[in-house]
file work37.cif (mmCIF, C-alpha atoms and all ligand atoms)
data_my_file
loop_
_atom_site.label_atom_id
_atom_site.label_comp_id
_atom_site.auth_asym_id
_atom_site.auth_seq_id
_atom_site.Cartn_x
_atom_site.Cartn_y
_atom_site.Cartn_z
CA MET A 1 20.27 23.25 13.81
CA GLY A 2 18.84 23.82 10.31
CA GLY A 3 17.57 21.66 7.43
CA HIS A 4 19.27 18.34 8.00
CA ARG A 5 18.98 15.26 5.81
CA VAL A 6 18.88 12.03 7.79
CA LEU A 7 19.27 8.39 6.76
CA VAL A 8 17.47 5.77 8.87
CA ILE A 9 18.54 2.15 8.33
CA GLY A 10 15.87 -0.55 8.74
CA GLY A 11 12.29 -1.22 7.77
CA GLY A 12 10.30 -2.36 10.79
CA GLY A 13 7.97 -0.76 13.30
CA ARG A 14 10.96 0.63 15.18
CA GLU A 15 12.24 2.46 12.11
CA HIS A 16 8.74 3.75 11.34
CA ALA A 17 8.69 5.20 14.86
CA LEU A 18 12.16 6.71 14.44
CA CYS A 19 11.14 8.29 11.13
CA LEU A 20 7.91 9.64 12.64
CA GLY A 21 9.86 11.20 15.51
CA LEU A 22 12.43 12.75 13.16
CA ASN A 23 9.65 13.99 10.88
CA GLU A 24 8.33 16.12 13.74
CA SER A 25 11.68 17.85 14.15
CA PRO A 26 12.02 21.33 12.64
CA ASN A 27 15.71 20.48 12.24
CA VAL A 28 15.05 17.77 9.67
CA SER A 29 14.29 18.63 6.03
CA LEU A 30 14.45 15.17 4.44
CA ILE A 31 14.39 11.58 5.71
CA PHE A 32 15.65 8.60 3.73
CA CYS A 33 14.78 5.14 5.04
CA SER A 34 16.49 1.98 3.82
CA PRO A 35 14.61 -0.16 3.02
CA GLY A 36 11.70 1.43 4.92
CA ASN A 37 8.15 0.14 4.62
CA ALA A 38 4.75 1.28 3.34
CA GLY A 39 4.39 3.50 6.42
CA THR A 40 7.67 5.35 6.03
CA ALA A 41 6.88 5.78 2.31
CA LEU A 42 4.04 8.13 3.29
CA PHE A 43 6.44 10.88 4.42
CA ALA A 44 10.03 9.71 3.90
CA THR A 45 11.97 8.53 0.85
CA ASN A 46 12.46 4.77 0.82
CA ILE A 47 15.63 3.52 -0.82
CA ASP A 48 17.23 0.10 -1.02
CA LEU A 49 20.86 0.35 0.04
CA PRO A 50 22.98 -2.76 0.56
CA THR A 51 23.42 -1.99 4.27
CA SER A 52 25.91 -4.82 4.81
CA ASP A 53 28.21 -2.97 2.40
CA GLY A 54 29.40 0.04 4.39
CA SER A 55 31.14 1.71 1.45
CA SER A 56 27.87 1.93 -0.53
CA VAL A 57 26.18 3.57 2.45
CA VAL A 58 29.09 6.00 2.85
CA GLU A 59 28.92 6.89 -0.86
CA PHE A 60 25.17 7.50 -0.63
CA CYS A 61 25.62 9.73 2.43
CA GLN A 62 28.28 11.78 0.67
CA GLN A 63 26.19 12.17 -2.50
CA GLU A 64 23.07 13.12 -0.56
CA SER A 65 24.77 15.33 2.06
CA ILE A 66 23.43 13.24 4.93
CA SER A 67 24.01 14.88 8.34
CA LEU A 68 23.17 11.86 10.48
CA VAL A 69 22.73 8.11 10.01
CA VAL A 70 20.45 6.35 12.51
CA VAL A 71 20.88 2.58 12.50
CA GLY A 72 17.78 0.65 13.64
CA PRO A 73 18.80 -3.03 13.63
CA GLU A 74 21.87 -4.68 15.15
CA ALA A 75 23.19 -6.58 12.12
CA PRO A 76 24.70 -3.61 10.20
CA LEU A 77 26.28 -2.38 13.46
CA CYS A 78 27.85 -5.78 14.13
CA ASP A 79 29.10 -5.69 10.51
CA GLY A 80 30.92 -2.42 11.28
CA LEU A 81 28.73 0.14 9.49
CA ALA A 82 29.37 2.78 12.17
CA ASP A 83 33.14 2.26 11.84
CA GLU A 84 33.00 3.05 8.12
CA LEU A 85 30.78 6.10 8.58
CA ILE A 86 32.91 7.51 11.39
CA ALA A 87 36.07 7.02 9.30
CA GLN A 88 34.49 9.44 6.80
CA GLN A 89 33.33 11.89 9.49
CA ILE A 90 29.65 11.02 9.00
CA PRO A 91 27.84 11.10 12.37
CA CYS A 92 26.24 7.75 13.18
CA PHE A 93 23.76 6.89 15.91
CA GLY A 94 24.76 3.31 16.71
CA PRO A 95 28.02 1.89 18.10
CA VAL A 96 31.11 0.60 16.28
CA GLY A 97 31.42 -3.13 15.59
CA THR A 98 33.55 -4.04 18.60
CA LEU A 99 30.96 -2.49 20.94
CA ALA A 100 27.98 -3.84 18.97
CA ASN A 101 29.43 -7.21 19.94
CA LEU A 102 27.67 -6.72 23.29
CA GLU A 103 24.62 -7.90 21.38
CA GLY A 104 26.42 -9.92 18.69
CA SER A 105 27.92 -12.29 21.24
CA LYS A 106 26.10 -13.20 24.44
CA LEU A 107 29.32 -14.72 25.77
CA HIS A 108 31.18 -11.46 25.19
CA ALA A 109 28.38 -9.57 26.96
CA LYS A 110 28.66 -11.95 29.93
CA GLN A 111 32.43 -11.45 30.07
CA VAL A 112 32.06 -7.64 30.03
CA MET A 113 29.43 -7.81 32.78
CA LYS A 114 31.77 -9.94 34.89
CA GLN A 115 34.66 -7.58 34.24
CA VAL A 116 32.78 -4.43 35.23
CA GLY A 117 30.74 -6.05 37.99
CA VAL A 118 27.22 -5.83 36.57
CA PRO A 119 24.70 -8.23 38.18
CA THR A 120 23.64 -11.05 35.85
CA ALA A 121 22.86 -14.78 36.00
CA ASP A 122 25.67 -17.31 36.51
CA PHE A 123 26.50 -19.32 33.43
CA LYS A 124 28.56 -22.14 31.98
CA ILE A 125 30.07 -22.44 28.52
CA LEU A 126 29.46 -25.88 27.05
CA ASP A 127 31.31 -27.36 24.09
CA LYS A 128 31.84 -30.80 22.55
CA ASP A 129 33.99 -31.92 25.49
CA SER A 130 31.46 -30.92 28.17
CA ASN A 131 29.39 -33.34 30.22
CA ILE A 132 25.97 -31.95 29.28
CA ASP A 133 23.94 -34.09 31.70
CA LEU A 134 26.12 -33.05 34.62
CA ALA A 135 25.77 -29.36 33.71
CA LEU A 136 21.98 -29.67 33.37
CA ASN A 137 21.78 -31.41 36.74
CA GLU A 138 23.65 -28.57 38.40
CA TYR A 139 20.98 -26.09 37.28
CA SER A 140 18.00 -28.42 37.70
CA ALA A 141 16.18 -26.49 40.45
CA ASN A 142 14.56 -24.17 37.88
CA PRO A 143 13.84 -24.17 34.15
CA TRP A 144 16.96 -24.34 32.00
CA VAL A 145 18.02 -21.26 30.05
CA ILE A 146 20.13 -22.01 26.99
CA LYS A 147 21.55 -19.31 24.74
CA ARG A 148 23.30 -19.67 21.41
CA ASP A 149 26.27 -17.34 21.01
CA VAL A 150 25.21 -16.02 17.60
CA LEU A 151 22.82 -13.38 16.26
CA ALA A 152 19.72 -15.51 15.84
CA GLY A 153 16.96 -12.93 15.41
CA GLY A 154 15.31 -13.76 18.73
CA LYS A 155 15.42 -17.54 18.10
CA GLY A 156 18.68 -18.23 19.90
CA VAL A 157 17.28 -18.67 23.41
CA VAL A 158 15.36 -21.61 24.85
CA VAL A 159 13.84 -21.57 28.33
CA THR A 160 12.46 -25.00 29.18
CA GLU A 161 11.64 -27.39 32.00
CA ASN A 162 11.96 -30.35 29.66
CA PHE A 163 15.30 -32.12 30.15
CA ASP A 164 15.29 -33.75 26.70
CA GLU A 165 14.46 -30.49 24.95
CA ALA A 166 17.24 -28.71 26.85
CA ARG A 167 19.73 -31.45 26.03
CA GLN A 168 18.78 -31.50 22.36
CA PHE A 169 19.05 -27.71 21.96
CA ILE A 170 22.47 -27.76 23.63
CA GLN A 171 23.69 -30.53 21.34
CA GLN A 172 22.34 -28.86 18.19
CA SER A 173 23.90 -25.52 19.18
CA ILE A 174 27.31 -27.08 19.88
CA THR A 175 27.17 -28.83 16.50
CA SER A 176 26.33 -25.62 14.62
CA ASP A 177 28.20 -23.00 16.69
CA GLY A 178 30.96 -24.90 18.55
CA GLN A 179 29.71 -23.77 21.97
CA VAL A 180 26.61 -22.67 23.85
CA LEU A 181 25.73 -20.91 27.12
CA LEU A 182 23.78 -22.60 29.88
CA GLU A 183 22.49 -19.92 32.22
CA GLU A 184 21.08 -19.91 35.72
CA PHE A 185 17.34 -19.12 35.64
CA LEU A 186 16.44 -15.75 37.15
CA PRO A 187 12.92 -15.45 38.54
CA GLY A 188 11.30 -12.03 38.50
CA GLU A 189 9.65 -9.46 36.30
CA GLU A 190 11.22 -8.23 33.07
CA ALA A 191 11.62 -4.61 32.00
CA SER A 192 13.60 -2.76 29.36
CA MET A 193 15.69 0.31 30.06
CA LEU A 194 16.91 2.18 27.00
CA VAL A 195 19.92 4.36 27.71
CA VAL A 196 21.08 6.88 25.12
CA MET A 197 24.83 7.12 25.58
CA ASP A 198 27.96 8.70 24.17
CA GLY A 199 31.46 9.51 25.36
CA SER A 200 30.26 12.54 27.32
CA GLY A 201 27.22 11.25 29.18
CA TYR A 202 24.03 9.22 29.13
CA VAL A 203 20.27 9.69 29.36
CA CYS A 204 18.00 6.96 30.73
CA LEU A 205 14.73 6.91 28.83
CA PRO A 206 11.62 5.90 30.82
CA ALA A 207 11.65 2.14 31.42
CA SER A 208 9.19 0.00 29.50
CA GLN A 209 7.85 -3.53 29.49
CA ASP A 210 7.62 -5.75 26.45
CA HIS A 211 5.44 -8.87 26.13
CA LYS A 212 7.66 -11.47 24.50
CA ARG A 213 5.45 -14.56 24.56
CA VAL A 214 2.98 -14.92 21.74
CA PHE A 215 -0.19 -15.60 23.76
CA ASP A 216 -2.06 -13.91 26.60
CA GLY A 217 -0.80 -14.63 30.10
CA ASP A 218 2.80 -15.00 28.83
CA LYS A 219 2.06 -18.37 27.22
CA GLY A 220 3.51 -19.89 24.05
CA PRO A 221 6.84 -19.37 22.31
CA ASN A 222 9.02 -16.26 22.48
CA THR A 223 8.55 -13.63 19.78
CA GLY A 224 10.26 -10.36 18.87
CA GLY A 225 7.65 -8.68 21.10
CA MET A 226 3.85 -8.60 20.97
CA GLY A 227 3.26 -5.24 22.63
CA ALA A 228 4.73 -2.87 25.17
CA TYR A 229 3.98 0.05 27.42
CA CYS A 230 5.96 2.84 28.98
CA PRO A 231 6.72 3.84 31.69
CA ALA A 232 6.60 0.50 33.50
CA PRO A 233 5.68 0.89 37.20
CA VAL A 234 7.77 -2.20 38.09
CA VAL A 235 10.76 0.12 37.72
CA THR A 236 10.07 2.19 40.81
CA LYS A 237 12.30 5.09 41.80
CA THR A 238 14.31 2.77 44.05
CA VAL A 239 14.71 0.14 41.33
CA HIS A 240 15.68 2.89 38.88
CA GLN A 241 18.40 4.12 41.24
CA LYS A 242 19.75 0.58 41.59
CA VAL A 243 19.74 0.12 37.80
CA VAL A 244 21.69 3.34 37.39
CA SER A 245 24.27 2.71 40.12
CA ARG A 246 24.77 -1.04 39.58
CA ILE A 247 24.40 -1.30 35.79
CA VAL A 248 24.33 1.97 33.84
CA GLU A 249 27.21 3.72 35.64
CA PRO A 250 29.69 0.83 35.35
CA MET A 251 28.70 0.23 31.71
CA PHE A 252 29.05 3.95 30.92
CA SER A 253 32.45 4.08 32.51
CA PHE A 254 33.55 1.08 30.41
CA LEU A 255 31.93 2.20 27.14
CA SER A 256 32.89 5.87 27.29
CA ASN A 257 36.54 4.99 27.81
CA CYS A 258 36.89 2.91 24.65
CA ASP A 259 38.96 4.25 21.71
CA ILE A 260 35.74 5.24 19.96
CA PRO A 261 33.14 5.59 22.71
CA TYR A 262 29.70 4.00 22.54
CA ARG A 263 27.41 6.35 20.61
CA GLY A 264 23.85 5.14 20.40
CA VAL A 265 21.32 3.48 22.63
CA LEU A 266 22.16 0.67 25.03
CA TYR A 267 19.14 -1.54 25.57
CA VAL A 268 19.35 -3.05 29.04
CA GLY A 269 17.08 -6.10 29.34
CA LEU A 270 16.33 -6.42 33.05
CA MET A 271 14.99 -9.12 35.33
CA ILE A 272 13.85 -7.53 38.58
CA THR A 273 13.68 -9.84 41.59
CA GLU A 274 10.87 -9.78 44.13
CA ASP A 275 13.16 -7.71 46.38
CA GLY A 276 13.58 -5.09 43.66
CA ASP A 277 17.12 -6.08 42.69
CA PRO A 278 17.85 -5.72 38.97
CA ASN A 279 19.84 -8.29 36.96
CA VAL A 280 20.80 -7.97 33.31
CA VAL A 281 19.24 -10.59 31.05
CA GLU A 282 20.70 -9.15 27.86
CA PHE A 283 22.17 -6.09 26.25
CA ASN A 284 21.08 -4.91 22.83
CA VAL A 285 22.85 -2.15 20.95
CA ARG A 286 19.72 -0.64 19.42
CA PHE A 287 16.23 0.48 20.31
CA GLY A 288 13.89 -2.38 21.17
CA ASP A 289 11.03 -3.20 18.85
CA PRO A 290 8.24 -2.53 19.94
CA GLU A 291 9.70 -0.63 22.94
CA CYS A 292 10.90 2.14 20.60
CA GLN A 293 7.35 2.79 19.38
CA ILE A 294 6.17 3.71 22.89
CA THR A 295 9.33 5.24 24.34
CA LEU A 296 10.07 7.87 21.69
CA PRO A 297 6.64 9.54 21.99
CA LEU A 298 7.37 10.23 25.67
CA ILE A 299 10.47 12.26 24.81
CA LYS A 300 9.60 15.95 24.75
CA THR A 301 13.04 17.00 23.50
CA ASP A 302 13.56 17.19 19.73
CA LEU A 303 14.49 13.64 18.61
CA PHE A 304 16.97 14.83 15.99
CA GLU A 305 18.82 16.86 18.61
CA LEU A 306 18.96 13.90 20.99
CA LEU A 307 20.27 11.46 18.37
CA MET A 308 22.66 14.00 16.82
CA HIS A 309 24.12 14.94 20.21
CA ALA A 310 24.71 11.25 20.97
CA ALA A 311 26.34 10.71 17.56
CA THR A 312 28.72 13.61 18.15
CA ASP A 313 29.65 13.05 21.80
CA SER A 314 27.81 16.10 23.12
CA LEU A 315 24.99 14.57 25.18
CA ASP A 316 26.32 16.36 28.26
CA ASN A 317 25.23 19.64 26.61
CA LEU A 318 21.61 18.59 26.20
CA GLU A 319 18.78 18.68 28.68
CA VAL A 320 16.30 15.93 27.84
CA LYS A 321 12.69 16.31 28.96
CA PHE A 322 9.84 13.79 29.04
CA HIS A 323 6.06 13.91 28.92
CA ASP A 324 4.29 12.93 32.11
CA ALA A 325 2.10 10.38 30.31
CA PHE A 326 1.85 6.74 29.25
CA ALA A 327 2.19 5.11 25.84
CA LEU A 328 1.12 1.60 24.89
CA THR A 329 1.28 -0.44 21.70
CA VAL A 330 -0.36 -3.71 20.63
CA VAL A 331 1.25 -5.73 17.84
CA LEU A 332 -0.87 -7.31 15.11
CA ALA A 333 0.88 -10.47 13.88
CA SER A 334 0.29 -12.63 10.82
CA GLU A 335 -1.29 -16.06 11.14
CA GLY A 336 1.43 -18.56 12.04
CA TYR A 337 3.76 -16.02 13.68
CA PRO A 338 6.33 -16.63 15.14
CA ALA A 339 7.00 -20.07 13.60
CA ASN A 340 5.68 -19.71 10.04
CA PRO A 341 3.93 -16.42 9.37
CA ILE A 342 1.66 -16.33 6.33
CA LYS A 343 2.51 -13.30 4.23
CA GLY A 344 0.83 -11.55 1.33
CA ARG A 345 -2.68 -11.14 2.79
CA LEU A 346 -4.71 -7.94 2.43
CA ILE A 347 -4.84 -5.50 5.35
CA GLU A 348 -8.05 -3.49 5.61
CA GLY A 349 -8.83 -0.46 7.72
CA LEU A 350 -5.53 1.41 7.47
CA GLY A 351 -5.96 5.16 7.14
CA HIS A 352 -2.64 5.95 5.40
CA GLU A 353 -2.35 9.47 6.76
CA VAL A 354 0.81 10.54 8.57
CA PRO A 355 -0.15 10.15 12.22
CA LYS A 356 -0.02 12.93 14.73
CA ILE A 357 1.67 11.66 17.84
CA GLY A 358 0.72 13.17 21.17
CA ILE A 359 -1.25 12.80 24.38
CA GLY A 360 -4.82 11.68 23.66
CA ASN A 361 -3.90 10.38 20.19
CA LYS A 362 -3.74 6.90 18.66
CA TRP A 363 -1.82 5.83 15.58
CA VAL A 364 -0.57 2.84 13.60
CA ASN A 365 3.12 1.92 13.48
CA TYR A 366 3.68 0.08 10.21
CA ALA A 367 6.11 -2.85 10.29
CA GLY A 368 5.68 -5.72 7.80
CA VAL A 369 3.40 -3.79 5.44
CA LYS A 370 4.02 -3.37 1.73
CA GLN A 371 2.01 -1.57 -0.91
CA SER A 372 0.89 -3.34 -4.05
CA GLY A 373 -1.07 -0.98 -6.32
CA LYS A 374 -3.83 0.39 -4.12
CA ASP A 375 -3.62 -2.51 -1.69
CA TYR A 376 -1.63 -2.83 1.49
CA LEU A 377 -0.39 -6.36 2.14
CA ALA A 378 1.17 -8.10 5.14
CA SER A 379 4.83 -8.72 4.32
CA GLY A 380 6.13 -9.94 7.66
CA GLY A 381 5.38 -11.73 10.92
CA ARG A 382 4.79 -8.58 12.93
CA VAL A 383 2.65 -6.54 10.57
CA LEU A 384 1.90 -3.36 12.49
CA SER A 385 1.21 -2.14 15.95
CA CYS A 386 -1.52 0.12 17.24
CA SER A 387 -0.18 2.73 19.64
CA ALA A 388 -1.67 5.39 21.83
CA MET A 389 -0.64 7.95 24.38
CA ALA A 390 -2.66 9.23 27.34
CA TYR A 391 -2.36 10.57 30.87
CA THR A 392 -3.17 7.14 32.28
CA LEU A 393 -2.09 3.69 31.20
CA SER A 394 -5.68 2.43 31.11
CA ASP A 395 -6.69 5.25 28.74
CA ALA A 396 -3.70 4.49 26.50
CA ALA A 397 -4.69 0.80 26.47
CA GLU A 398 -8.30 1.64 25.66
CA LEU A 399 -7.28 3.85 22.73
CA ALA A 400 -4.82 1.31 21.31
CA TYR A 401 -7.32 -1.54 21.54
CA GLU A 402 -10.02 0.66 20.00
CA LEU A 403 -7.72 1.26 17.05
CA ILE A 404 -6.72 -2.37 16.55
CA SER A 405 -10.39 -3.39 16.42
CA THR A 406 -10.78 -1.27 13.26
CA ILE A 407 -8.08 -3.15 11.32
CA SER A 408 -8.60 -6.50 9.71
CA LEU A 409 -6.20 -9.09 8.34
CA GLU A 410 -7.30 -12.68 7.79
CA GLY A 411 -5.91 -15.05 10.45
CA ALA A 412 -4.09 -12.28 12.30
CA HIS A 413 -3.68 -12.40 16.05
CA PHE A 414 -2.79 -10.04 18.88
CA ARG A 415 -2.53 -10.21 22.65
CA THR A 416 -5.46 -8.81 24.59
CA ASP A 417 -3.54 -8.25 27.84
CA ILE A 418 -0.88 -5.68 26.94
CA GLY A 419 -0.23 -3.55 30.01
CA GLY A 420 -2.20 -6.00 32.13
CA LYS A 421 0.53 -6.45 34.75
CA ALA A 422 0.50 -2.72 35.49
CA LEU A 423 -3.24 -2.10 35.27
P1 LIG A 501 17.46 -12.92 25.70
O1 LIG A 501 17.49 -13.00 24.21
O2 LIG A 501 18.79 -13.18 26.33
O3 LIG A 501 16.82 -11.65 26.17
O4 LIG A 501 16.44 -14.04 26.19
C1 LIG A 501 15.11 -14.10 25.71
C2 LIG A 501 14.14 -14.23 26.85
O5 LIG A 501 14.42 -15.41 27.60
C3 LIG A 501 14.20 -13.10 27.87
O6 LIG A 501 13.43 -12.03 27.48
C4 LIG A 501 13.67 -13.77 29.10
O7 LIG A 501 12.25 -13.83 29.08
C5 LIG A 501 14.17 -15.18 28.99
N1 LIG A 501 15.45 -15.31 29.72
C6 LIG A 501 16.69 -15.10 29.25
N2 LIG A 501 17.63 -15.30 30.19
C7 LIG A 501 16.97 -15.67 31.31
C8 LIG A 501 17.36 -16.02 32.64
N3 LIG A 501 18.64 -16.10 32.99
N4 LIG A 501 16.38 -16.32 33.53
C9 LIG A 501 15.08 -16.30 33.17
N5 LIG A 501 14.64 -15.99 31.94
C10 LIG A 501 15.56 -15.67 31.01
N1 LIG A 502 11.48 -6.28 21.98
C1 LIG A 502 12.71 -6.91 22.26
C2 LIG A 502 13.81 -6.54 21.39
O1 LIG A 502 13.73 -5.63 20.59
O2 LIG A 502 14.86 -7.18 21.47
#

call {"tool": "encode", "arguments": {"input": "work37.cif", "output": "structure tokens", "more": "lines below"}}
Ligand code: AMP
Ligand code: GLY
result
Amino acid sequence: MGGHRVLVIGGGGREHALCLGLNESPNVSLIFCSPGNAGTALFATNIDLPTSDGSSVVEFCQQESISLVVVGPEAPLCDGLADELIAQQIPCFGPVGTLANLEGSKLHAKQVMKQVGVPTADFKILDKDSNIDLALNEYSANPWVIKRDVLAGGKGVVVTENFDEARQFIQQSITSDGQVLLEEFLPGEEASMLVVMDGSGYVCLPASQDHKRVFDGDKGPNTGGMGAYCPAPVVTKTVHQKVVSRIVEPMFSFLSNCDIPYRGVLYVGLMITEDGDPNVVEFNVRFGDPECQITLPLIKTDLFELLMHAATDSLDNLEVKFHDAFALTVVLASEGYPANPIKGRLIEGLGHEVPKIGIGNKWVNYAGVKQSGKDYLASGGRVLSCSAMAYTLSDAAELAYELISTISLEGAHFRTDIGGKAL
């Protein structure tokens, strides 16, 4: 495919992983990352584009002869960045705004699932005229699940057994957003299935499992994700087949028949019942973070080719192969994360070489890390994650935990049970 110049939008661990994967491709000659982080700066060119202003991004791509734009986070997609790029014939990995709304509006996602017959929890829409107590009583057999219908950076969902807390969150959400979703609680085990999709076909990447609660044993508040591993054995062959026939196929048929088909990755957040029946908890229109960090290394096929095919509706022409191995990552978070992370502290023990990703290796995915002179400082809640790949999950876990023990950051915390459910 030749010496392509790629622009990656975003600056977290996910974008570091995307840049690392693209950097290994012989098809890529230069990677720009906006804004990037101290990790991407080691091998890519960080730039600060106003990504909510599509025309500035288009202008940059034209000036720099960018062959492909890969959008990491959901916000620029919901703002219509892909629409503006496509209008100028610039290939974009990431869907147009109307389709990004699958993540932008949980209510819209629920309506699409109903329309195409995808299994998901029952729900009610509550607004200022609703009888909140009555609605809560109808779903009182299990914890209450309440979801704001706005992009809230992972803070828009409350799962609680406390009636007063549920009531208060509903009232606050109605006041700020006009309405809120009250959802039936689904018991089961969660997994994430990332599906690369375009108008011509789709490729299911190996399923993974994130650890969303901050503390060991799935205790404490929800976070963006404290660690993940891939593939997740909870998604057996039979479960996988059910996910494909009941969820991926109907979604593909809907999304590939839109005016501009879905071109990007559809993140299917699953809850798998004891009987192995999958339900959709959420759709995201991007790679998960940290799922991306441990899913991409398992793809044997050139990452640029995969993303470029999806951006140009030619996935059906590509055979995608995977490594028969496991990858696992453990997130190191700043003191106070997720509520009030303390930023600006010194990180010690980082090697700062460009990592070699492969079976038997371990490496650091930089996220909230910035350079200040010779020092590397924590600049976010999730600072970095330590990743590894091996033929067994226990070896991958051992390598990742070995690596995290060599890094120090005052007050930092990490979970010690990543992968535990599968080990
Ligand atoms: P969401 O942002 O929709 O993925 O919700 C955040 C987290 O809340 C999920 O990862 C689940 O752990 C939990 N959750 C969401 N919806 C449900 C549900 N209907 N039943 C049980 N847990 C849920
Ligand atoms: N790790 C969950 C997410 O990216 O939404």

call {"tool": "residues_near_ligand", "arguments": {"input": "work37.cif", "ligand": "ligand LIG 501 (chain A)", "cutoff": "7 Å", "atoms": "only C-alpha atoms and all ligand atoms", "output": "JSON, numbers by chain"}}
result
{"A": [121, 145, 147, 154, 156, 157, 158, 159, 183, 184, 185, 186, 187, 190, 212, 269, 281, 282]}

call {"tool": "residues_around", "arguments": {"input": "work37.cif", "residues": "Met389 in chain A", "least_positions_apart": "2", "cutoff": "6 Å", "atoms": "only C-alpha atoms", "output": "list in words"}}
result
Phe326, Ala327, Ile359, Gly360, Asn361 and Ala396 of chain A

call {"tool": "residues_around", "arguments": {"input": "work37.cif", "residues": "Asp259 in chain A", "least_positions_apart": "4", "cutoff": "12 Å", "atoms": "only C-alpha atoms", "output": "PyMOL selection string"}}
result
chain A and resi 83+95-96+98-99+199+254-255+263

call {"tool": "write_last_selection", "arguments": {"input": "work37.cif", "atoms": "C-alpha atoms", "output": "CSV table (one decimal), in the coordinates of the input"}}
result
chain,number,residue,atom,x,y,z
A,83,ASP,CA,33.1,2.3,11.8
A,95,PRO,CA,28.0,1.9,18.1
A,96,VAL,CA,31.1,0.6,16.3
A,98,THR,CA,33.6,-4.0,18.6
A,99,LEU,CA,31.0,-2.5,20.9
A,199,GLY,CA,31.5,9.5,25.4
A,254,PHE,CA,33.6,1.1,30.4
A,255,LEU,CA,31.9,2.2,27.1
A,263,ARG,CA,27.4,6.4,20.6

call {"tool": "closest_atom_pairs", "arguments": {"input": "work37.cif", "of": "chain A", "to": "ligand LIG 502 (chain A)", "cutoff": "10 Å", "atoms": "all atoms listed in the file", "output": "CSV"}}
result
residue,atom,partner,partner_atom,distance
A:Arg14,CA,A:LIG502,O1,8.7
A:Pro73,CA,A:LIG502,O1,9.0
A:Glu74,CA,A:LIG502,O2,9.8
A:Glu103,CA,A:LIG502,O2,9.8
A:Gly153,CA,A:LIG502,O2,8.6
A:Gly154,CA,A:LIG502,O2,7.1
A:Ser192,CA,A:LIG502,C1,8.3
A:Gln209,CA,A:LIG502,N1,8.8
A:Asp210,CA,A:LIG502,N1,5.9
A:His211,CA,A:LIG502,N1,7.8
A:Lys212,CA,A:LIG502,N1,6.9
A:Thr223,CA,A:LIG502,N1,8.2
A:Gly224,CA,A:LIG502,N1,5.3
A:Gly225,CA,A:LIG502,N1,4.6
A:Met226,CA,A:LIG502,N1,8.0
A:Gly227,CA,A:LIG502,N1,8.3
A:Ala228,CA,A:LIG502,N1,8.2
A:Tyr267,CA,A:LIG502,O2,8.2
A:Val268,CA,A:LIG502,O2,9.7
A:Gly269,CA,A:LIG502,O2,8.2
A:Glu282,CA,A:LIG502,O2,8.9
A:Phe283,CA,A:LIG502,O2,8.8
A:Asn284,CA,A:LIG502,O2,6.8
A:Val285,CA,A:LIG502,O2,9.5
A:Arg286,CA,A:LIG502,O1,7.9
A:Phe287,CA,A:LIG502,O1,6.6
A:Gly288,CA,A:LIG502,O1,3.3
A:Asp289,CA,A:LIG502,O1,4.0
A:Pro290,CA,A:LIG502,N1,5.4
A:Glu291,CA,A:LIG502,N1,6.0
A:Cys292,CA,A:LIG502,O1,8.3

call {"tool": "atom_distance", "arguments": {"input": "work37.cif", "atom1": "CA of Asp198 in chain A", "atom2": "CA of Pro250 in chain A"}}
result
13.8 Å

call {"tool": "closest_residue", "arguments": {"input": "work37.cif", "among": "A:Leu182, A:Met251, A:Leu350, A:Val69", "to": "Phe32 in chain A", "atoms": "all atoms listed in the file"}}
result
A:Val69

call {"tool": "residues_around", "arguments": {"input": "work37.cif", "residues": "range 18-26 of chain A", "least_positions_apart": "2", "cutoff": "9 Å", "atoms": "all atoms listed in the file", "output": "PyMOL selection string"}}
result
chain A and resi 1-3+6+8+13-16+28-33+40+43-44+70+72+292-293+296-297+302-305+354-357

call {"tool": "residues_around", "arguments": {"input": "work37.cif", "residues": "Ala207 in chain A", "least_positions_apart": "3", "cutoff": "7 Å", "atoms": "all atoms listed in the file", "output": "JSON, numbers by chain"}}
result
{"A": [191, 192, 193, 194, 230, 231, 232, 235]}

call {"tool": "closest_residue", "arguments": {"input": "work37.cif", "among": "A:Gly373, A:Gly381, A:Gly201, A:Gly344", "to": "His309 in chain A", "atoms": "only C-alpha atoms"}}
result
A:Gly201

call {"tool": "residues_around", "arguments": {"input": "work37.cif", "residues": "Ser408 in chain A", "least_positions_apart": "3", "cutoff": "8 Å", "atoms": "all atoms listed in the file", "output": "list in words"}}
result
Ile347, Glu348, Gly349, Ser405 and Ala412 of chain A

call {"tool": "closest_residue", "arguments": {"input": "work37.cif", "among": "A:Asp275, A:Glu165, A:Asp127, A:Asp149", "to": "Glu189 in chain A", "atoms": "only C-alpha atoms"}}
result
A:Asp275

call {"tool": "closest_residue", "arguments": {"input": "work37.cif", "among": "A:Phe163, A:Gly104, A:Leu384, A:Gln115", "to": "Pro143 in chain A", "atoms": "only C-alpha atoms"}}
result
A:Phe163
